[in-house]
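**Student:** This is start_21.csv, which holds CSV, C-alpha atoms (C1' of nucleotides):
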chain,number,residue,atom,x,y,z
A,120,MET,CA,92.3,105.0,88.7
A,121,ALA,CA,94.8,105.4,91.5
A,122,ILE,CA,92.4,106.6,94.2
A,123,LYS,CA,90.0,103.7,94.0
A,124,LYS,CA,92.7,101.1,94.2
A,125,ILE,CA,94.3,102.8,97.1
A,126,GLY,CA,91.0,103.1,98.9
A,127,LEU,CA,90.4,99.4,98.5
A,128,GLN,CA,93.9,98.6,99.8
A,129,ILE,CA,93.3,100.7,102.9
A,130,LYS,CA,90.0,98.9,103.5
A,131,GLU,CA,91.5,95.5,103.0
A,132,ARG,CA,94.4,96.2,105.2
A,133,ARG,CA,92.2,97.6,107.9
A,134,ASN,CA,90.1,94.4,107.9
A,135,VAL,CA,93.2,92.2,108.1
A,136,LEU,CA,94.2,94.1,111.2
A,137,HIS,CA,90.7,93.7,112.6
A,138,LEU,CA,90.2,97.4,112.9
A,139,GLN,CA,87.0,99.3,112.5
A,140,GLN,CA,86.7,102.5,110.6
A,141,LYS,CA,86.3,104.3,113.9
A,142,ASP,CA,89.5,102.8,115.2
A,143,LEU,CA,91.4,103.8,112.2
A,144,SER,CA,90.0,107.3,112.5
A,145,GLU,CA,91.0,107.6,116.1
A,146,LEU,CA,94.4,106.1,115.8
A,147,SER,CA,95.2,108.2,112.7
A,148,GLY,CA,93.7,111.5,113.7
A,149,VAL,CA,91.7,111.5,110.5
A,150,SER,CA,88.0,112.1,110.8
A,151,LEU,CA,85.7,109.1,110.4
A,152,ARG,CA,84.1,111.0,107.6
A,153,THR,CA,87.3,111.2,105.6
A,154,VAL,CA,88.2,107.6,106.3
A,155,LEU,CA,84.9,106.6,104.8
A,156,GLN,CA,85.5,108.8,101.7
A,157,VAL,CA,89.0,107.4,101.2
A,158,GLU,CA,88.0,103.8,101.5
A,159,SER,CA,85.1,104.3,99.2
A,160,GLY,CA,87.4,105.7,96.5
A,161,TYR,CA,85.4,108.8,96.6
A,162,GLY,CA,87.4,112.0,97.1
A,163,ASN,CA,90.9,113.1,96.6
A,164,PRO,CA,92.9,112.8,99.8
A,165,SER,CA,96.1,114.6,100.3
A,166,ILE,CA,99.4,112.8,100.8
A,167,GLY,CA,99.3,114.0,104.4
A,168,THR,CA,96.0,112.4,105.1
A,169,LEU,CA,96.8,109.2,103.2
A,170,SER,CA,100.1,109.0,105.1
A,171,LYS,CA,98.4,109.2,108.4
A,172,LEU,CA,96.1,106.3,107.5
A,173,ALA,CA,99.0,104.3,106.0
A,174,ASP,CA,101.1,104.7,109.1
A,175,VAL,CA,98.5,103.2,111.4
A,176,LEU,CA,98.1,100.3,109.0
A,177,GLY,CA,101.8,99.7,108.6
A,178,LEU,CA,101.8,100.7,105.0
A,179,GLU,CA,103.9,103.2,103.2
A,180,ILE,CA,103.3,105.3,100.1
A,181,GLN,CA,105.7,104.7,97.3
A,182,LEU,CA,106.4,105.9,93.8
A,183,SER,CA,107.6,103.1,91.5
A,184,ILE,CA,108.2,102.7,87.8
A,185,GLN,CA,105.0,102.0,86.1
A,186,THR,CA,104.6,98.3,85.2
A,187,LYS,CA,102.2,98.0,82.3
B,211,MET,CA,108.5,112.3,105.9
B,212,ALA,CA,106.7,110.9,103.0
B,213,ILE,CA,106.3,114.2,101.1
B,214,LYS,CA,109.9,115.1,101.0
B,215,LYS,CA,110.9,111.7,99.7
B,216,ILE,CA,108.2,111.8,97.0
B,217,GLY,CA,109.2,115.3,95.9
B,218,LEU,CA,112.8,114.2,95.5
B,219,GLN,CA,111.8,111.1,93.5
B,220,ILE,CA,109.7,113.3,91.2
B,221,LYS,CA,112.5,115.7,90.7
B,222,GLU,CA,115.1,112.9,90.0
B,223,ARG,CA,112.8,111.1,87.6
B,224,ARG,CA,112.1,114.4,85.8
B,225,ASN,CA,115.8,114.9,85.3
B,226,VAL,CA,116.4,111.4,84.1
B,227,LEU,CA,113.8,112.1,81.4
B,228,HIS,CA,115.5,115.4,80.6
B,229,LEU,CA,112.3,117.3,81.3
B,230,GLN,CA,112.1,120.8,82.7
B,231,GLN,CA,109.7,121.8,85.4
B,232,LYS,CA,107.8,123.8,82.8
B,233,ASP,CA,107.5,120.7,80.6
B,234,LEU,CA,106.2,118.6,83.4
B,235,SER,CA,103.7,121.3,84.2
B,236,GLU,CA,102.4,121.5,80.7
B,237,LEU,CA,102.3,117.7,80.1
B,238,SER,CA,100.6,117.0,83.3
B,239,GLY,CA,98.2,119.9,83.5
B,240,VAL,CA,99.5,120.8,86.9
B,241,SER,CA,100.6,124.4,87.4
B,242,LEU,CA,104.3,125.3,87.4
B,243,ARG,CA,103.7,126.7,90.8
B,244,THR,CA,102.5,123.4,92.2
B,245,VAL,CA,105.2,121.4,90.4
B,246,LEU,CA,107.7,123.6,92.2
B,247,GLN,CA,106.0,123.0,95.6
B,248,VAL,CA,105.8,119.3,95.2
B,249,GLU,CA,109.4,118.9,94.1
B,250,SER,CA,110.7,121.0,97.0
B,251,GLY,CA,108.8,118.8,99.4
B,252,TYR,CA,106.9,121.8,100.5
B,253,GLY,CA,103.2,121.5,100.5
B,254,ASN,CA,100.8,118.6,100.7
B,255,PRO,CA,99.6,117.6,97.3
B,256,SER,CA,96.5,115.6,96.7
B,257,ILE,CA,96.7,112.1,95.2
B,258,GLY,CA,95.1,113.5,92.1
B,259,THR,CA,97.8,116.0,91.6
B,260,LEU,CA,100.5,113.6,92.4
B,261,SER,CA,99.0,111.1,90.1
B,262,LYS,CA,99.0,113.5,87.2
B,263,LEU,CA,102.7,114.1,87.7
B,264,ALA,CA,103.5,110.5,88.2
B,265,ASP,CA,101.7,109.5,85.0
B,266,VAL,CA,103.8,111.9,82.9
B,267,LEU,CA,106.9,110.5,84.5
B,268,GLY,CA,105.9,106.8,84.0
B,269,LEU,CA,105.6,106.4,87.8
B,270,GLU,CA,102.8,105.0,89.8
B,271,ILE,CA,101.6,105.5,93.4
B,272,GLN,CA,101.6,102.4,95.5
B,273,LEU,CA,100.9,101.4,99.0
B,274,SER,CA,103.2,98.6,100.3
B,275,ILE,CA,103.9,97.0,103.6
B,276,GLN,CA,106.2,99.1,105.6
B,277,THR,CA,109.8,97.9,105.5
B,278,LYS,CA,111.6,98.9,108.6
C,284,DG,C1',62.5,90.0,114.9
C,285,DT,C1',64.8,93.7,117.2
C,286,DA,C1',68.3,96.2,119.3
C,287,DA,C1',73.0,97.8,119.0
C,288,DA,C1',77.0,98.5,116.5
C,289,DT,C1',79.1,99.6,112.2
C,290,DT,C1',79.2,101.7,107.9
C,291,DA,C1',77.4,105.3,104.8
C,292,DT,C1',75.1,109.9,103.0
C,293,DG,C1',73.4,115.1,102.9
C,294,DC,C1',74.4,119.6,104.1
C,295,DA,C1',77.1,123.5,105.9
C,296,DT,C1',81.4,125.3,107.6
C,297,DT,C1',86.3,125.6,107.9
C,298,DA,C1',90.9,124.6,106.5
C,299,DT,C1',93.9,124.3,102.8
C,300,DA,C1',95.5,122.8,98.1
C,301,DC,C1',95.9,125.0,93.6
C,302,DT,C1',96.4,128.7,90.8
C,303,DG,C1',98.1,133.3,88.5
C,304,DC,C1',100.7,137.3,88.7
C,305,DA,C1',104.7,139.7,89.7
C,306,DC,C1',109.3,139.5,91.1
C,307,DA,C1',113.6,137.3,92.8
C,308,DT,C1',117.3,134.1,92.6
C,309,DT,C1',120.2,130.7,90.4
C,310,DC,C1',122.3,128.5,86.3
C,311,DG,C1',124.4,128.2,81.9
C,312,DT,C1',126.2,130.4,77.7
C,313,DT,C1',128.7,133.9,75.3
D,192,DA,C1',130.4,140.8,83.3
D,193,DA,C1',125.7,140.4,80.9
D,194,DC,C1',122.1,138.2,79.0
D,195,DG,C1',118.5,134.7,78.7
D,196,DA,C1',116.6,130.5,80.6
D,197,DA,C1',115.3,127.8,84.4
D,198,DT,C1',114.0,127.5,89.1
D,199,DG,C1',112.1,129.6,93.3
D,200,DT,C1',109.2,133.0,96.5
D,201,DG,C1',105.2,136.4,98.2
D,202,DC,C1',100.7,137.4,98.1
D,203,DA,C1',95.7,137.1,96.9
D,204,DG,C1',91.8,134.6,94.9
D,205,DT,C1',89.4,130.3,93.8
D,206,DA,C1',88.5,125.5,94.1
D,207,DT,C1',88.1,121.8,97.0
D,208,DA,C1',89.6,118.6,100.8
D,209,DA,C1',88.5,117.9,105.7
D,210,DT,C1',85.4,118.2,109.3
D,211,DG,C1',81.0,118.0,112.4
D,212,DC,C1',76.3,117.1,112.9
D,213,DA,C1',72.3,114.8,112.0
D,214,DT,C1',70.3,111.0,109.8
D,215,DA,C1',70.1,106.8,107.1
D,216,DA,C1',71.3,102.2,105.8
D,217,DT,C1',73.6,98.0,106.7
D,218,DT,C1',75.6,94.5,109.4
D,219,DT,C1',76.1,91.8,113.7
D,220,DA,C1',74.6,89.9,118.1
D,221,DC,C1',70.9,88.6,121.1
Could I get this structure in the form of structure tokens?
**Tutor:**
Amino acid sequence: MAIKKIGLQIKERRNVLHLQQKDLSELSGVSLRTVLQVESGYGNPSIGTLSKLADVLGLEIQLSIQTK
Amino acid sequence: MAIKKIGLQIKERRNVLHLQQKDLSELSGVSLRTVLQVESGYGNPSIGTLSKLADVLGLEIQLSIQTK
DNA sequence: GTAAATTATGCATTATACTGCACATTCGTT
DNA sequence: AACGAATGTGCAGTATAATGCATAATTTAC
């Protein structure tokens, strides 16, 4: 499922950058509560919310041809 | 902005596959109303909704390192 | 061990995505 | 032009994402 994978990517990238969830929350303007939900793969964030998180982490959302 | 770009990609891909908005709506289970909004770059779809559309179109949502 | 920091969960409220219906506009065909 | 098909808009209702607060559990540092 897309959301779980994305949540994991967010979490891993955050760790690589040595940021805490609270940092990501504050830098992105997304509540800590929602950061937690997204990273746990629980929930169904909007593109807007995901985009705010991705921006802080230097990531971008892409649509690509399915490989598989 | 991420949403406008994604909307355009959805629309272009749909055209490549010779699908109409109504087809995409029915195949994905997303209302025609929402398909219209997403394609026009207006609105802020959830990952779940975007994922349903992407699946039908053979696309996948990805997070990748920002290139720019 | 224990204290503090970090991550996680329950519940209630607010903001907003998603939808259906009706109607309007644009596009293609004759 | 005139008709039908496809795409788009306004408005209202419903579902659910996003949030804050309090509280837990977990991890980290002392």
**Student:** So which residues touch region 174-184 of chain A within 12 Å, counting all atoms listed in the file, skipping near sequence neighbours fewer than 6 positions away, as a VMD selection string?
**Tutor:** (chain A and resid 121 125 128 to 140 142 to 149 165 to 168) or (chain B and resid 211 to 223 257 260 to 261 263 to 278)
**Student:** Using only C-alpha atoms (C1' of nucleotides), I'd like every residue of chain C that has an atom within 9 Å of chain B; please write them out as a tab-separated table (two decimals) with C-alpha atoms (C1' of nucleotides), in the coordinates of the input.
**Tutor:**
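Result saved to selection-v2.tsv:
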chain	number	residue	atom	x	y	z
C	300	DA	C1'	95.50	122.80	98.10
C	301	DC	C1'	95.90	125.00	93.60
C	302	DT	C1'	96.40	128.70	90.80
C	303	DG	C1'	98.10	133.30	88.50
**Student:** Figure out the distance between CA of Lys141 (chain A) and C1' of DG293 (chain C), please, to one decimal in Å.
**Tutor:**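 Between C1' of DG293 (chain C) and CA of Lys141 (chain A) the gap is 20.1 Å.
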**Student:** Quick one, how far is C1' of DG195 (chain D) from CA of Val248 (chain B)?
**Tutor:**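 According to the coordinates, C1' of DG195 (chain D) and CA of Val248 (chain B) are separated by 25.9 Å.
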**Student:** I'm after chain B in the frame of chain A: fit it by least squares over all Cα atoms matched in order, and give me the output as a compact mmCIF listing (two decimals) with C-alpha atoms, in the coordinates of the input.
**Tutor:**
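Resulting contents of selection15.txt:
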# COMPACT_ATOMS: atom_id res chain seq x y z
CA MET B 211 92.27 105.09 88.77
CA ALA B 212 94.77 105.41 91.47
CA ILE B 213 92.34 106.55 94.19
CA LYS B 214 89.99 103.69 93.93
CA LYS B 215 92.78 101.15 94.14
CA ILE B 216 94.31 102.90 97.18
CA GLY B 217 90.96 103.09 98.96
CA LEU B 218 90.44 99.37 98.48
CA GLN B 219 93.94 98.54 99.75
CA ILE B 220 93.29 100.67 102.84
CA LYS B 221 90.03 98.99 103.48
CA GLU B 222 91.49 95.43 103.01
CA ARG B 223 94.48 96.16 105.21
CA ARG B 224 92.16 97.60 107.88
CA ASN B 225 90.19 94.38 107.89
CA VAL B 226 93.23 92.19 108.04
CA LEU B 227 94.18 94.08 111.21
CA HIS B 228 90.65 93.65 112.55
CA LEU B 229 90.24 97.40 112.88
CA GLN B 230 87.00 99.28 112.48
CA GLN B 231 86.71 102.49 110.55
CA LYS B 232 86.19 104.28 113.85
CA ASP B 233 89.43 102.79 115.20
CA LEU B 234 91.39 103.84 112.20
CA SER B 235 89.96 107.30 112.54
CA GLU B 236 90.92 107.64 116.13
CA LEU B 237 94.43 106.11 115.75
CA SER B 238 95.26 108.16 112.79
CA GLY B 239 93.70 111.46 113.73
CA VAL B 240 91.78 111.52 110.52
CA SER B 241 88.03 112.07 110.78
CA LEU B 242 85.63 109.14 110.42
CA ARG B 243 84.09 111.07 107.63
CA THR B 244 87.30 111.22 105.65
CA VAL B 245 88.20 107.59 106.41
CA LEU B 246 84.87 106.69 104.86
CA GLN B 247 85.58 108.83 101.74
CA VAL B 248 89.01 107.47 101.20
CA GLU B 249 87.98 103.84 101.56
CA SER B 250 85.08 104.24 99.13
CA GLY B 251 87.46 105.69 96.59
CA TYR B 252 85.44 108.81 96.61
CA GLY B 253 87.32 111.97 97.14
CA ASN B 254 90.89 113.03 96.59
CA PRO B 255 92.86 112.84 99.77
CA SER B 256 96.07 114.66 100.33
CA ILE B 257 99.33 112.75 100.83
CA GLY B 258 99.30 113.92 104.40
CA THR B 259 95.99 112.36 105.08
CA LEU B 260 96.82 109.25 103.27
CA SER B 261 100.06 109.02 105.06
CA LYS B 262 98.41 109.21 108.44
CA LEU B 263 96.19 106.29 107.52
CA ALA B 264 98.95 104.32 105.99
CA ASP B 265 101.14 104.71 109.07
CA VAL B 266 98.45 103.25 111.35
CA LEU B 267 98.08 100.36 108.96
CA GLY B 268 101.88 99.69 108.65
CA LEU B 269 101.74 100.77 104.98
CA GLU B 270 103.86 103.22 103.17
CA ILE B 271 103.35 105.39 100.06
CA GLN B 272 105.75 104.73 97.26
CA LEU B 273 106.36 105.85 93.79
CA SER B 274 107.63 103.06 91.46
CA ILE B 275 108.20 102.66 87.79
CA GLN B 276 105.01 101.94 86.05
CA THR B 277 104.53 98.26 85.25
CA LYS B 278 102.35 97.84 82.26
**Student:** Fewer than 3 positions away in the same chain doesn't count, so skip those; otherwise give me all residues within 9 Å of DA291 (chain C), counting only C-alpha atoms (C1' of nucleotides), as a list of chain:residue names.
**Tutor:**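 Returned residues: A:Leu155, D:DA215, D:DA216, D:DT217.
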**Student:** For the selection you just gave me, I'd like the residues written to a file as a PDB file, in the frame of the given file, keeping C-alpha atoms (C1' of nucleotides).
**Tutor:**
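See out-v5.pdb below for the written result:
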ATOM      1  CA  LEU A 155      84.900 106.600 104.800  1.00  0.00           C
TER       2      LEU A 155
ATOM      3  C1'  DA D 215      70.100 106.800 107.100  1.00  0.00           C
ATOM      4  C1'  DA D 216      71.300 102.200 105.800  1.00  0.00           C
ATOM      5  C1'  DT D 217      73.600  98.000 106.700  1.00  0.00           C
TER       6       DT D 217
END
**Student:** Expressed in Å to a single decimal, how great is the separation between C1' of DA209 (chain D) and CA of Ser250 (chain B)?
**Tutor:**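 Between C1' of DA209 (chain D) and CA of Ser250 (chain B) the gap is 24.0 Å.
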**Student:** Which residues are near DC310 (chain C)? Cut-off 9 Å, only C-alpha atoms (C1' of nucleotides), ignore same chain within fewer than 5 positions. Put them as a list of chain:residue names.
**Tutor:** D:DA196, D:DA197, D:DT198
**Student:** For chain D, list the residues within 12 Å of chain A, counting all atoms listed in the file, and write the list as an MDAnalysis selection string.
**Tutor:** chainID D and resid 207:212
**Student:** May I have the residues from that selection written out with C-alpha atoms (C1' of nucleotides), as an mmCIF file, in the frame of the given file?
**Tutor:**
data_model
loop_
_atom_site.group_PDB
_atom_site.id
_atom_site.type_symbol
_atom_site.label_atom_id
_atom_site.label_comp_id
_atom_site.auth_asym_id
_atom_site.auth_seq_id
_atom_site.Cartn_x
_atom_site.Cartn_y
_atom_site.Cartn_z
ATOM 1 C "C1'" DT D 207 88.100 121.800 97.000
ATOM 2 C "C1'" DA D 208 89.600 118.600 100.800
ATOM 3 C "C1'" DA D 209 88.500 117.900 105.700
ATOM 4 C "C1'" DT D 210 85.400 118.200 109.300
ATOM 5 C "C1'" DG D 211 81.000 118.000 112.400
ATOM 6 C "C1'" DC D 212 76.300 117.100 112.900
#
**Student:** Which polymer residues have any atom within 12 Å of an atom of DC306 (chain C), counting only C-alpha atoms (C1' of nucleotides), with same-chain residues fewer than 6 positions away left out, as JSON, numbers by chain?
**Tutor:** {"D": [199, 200, 201, 202]}
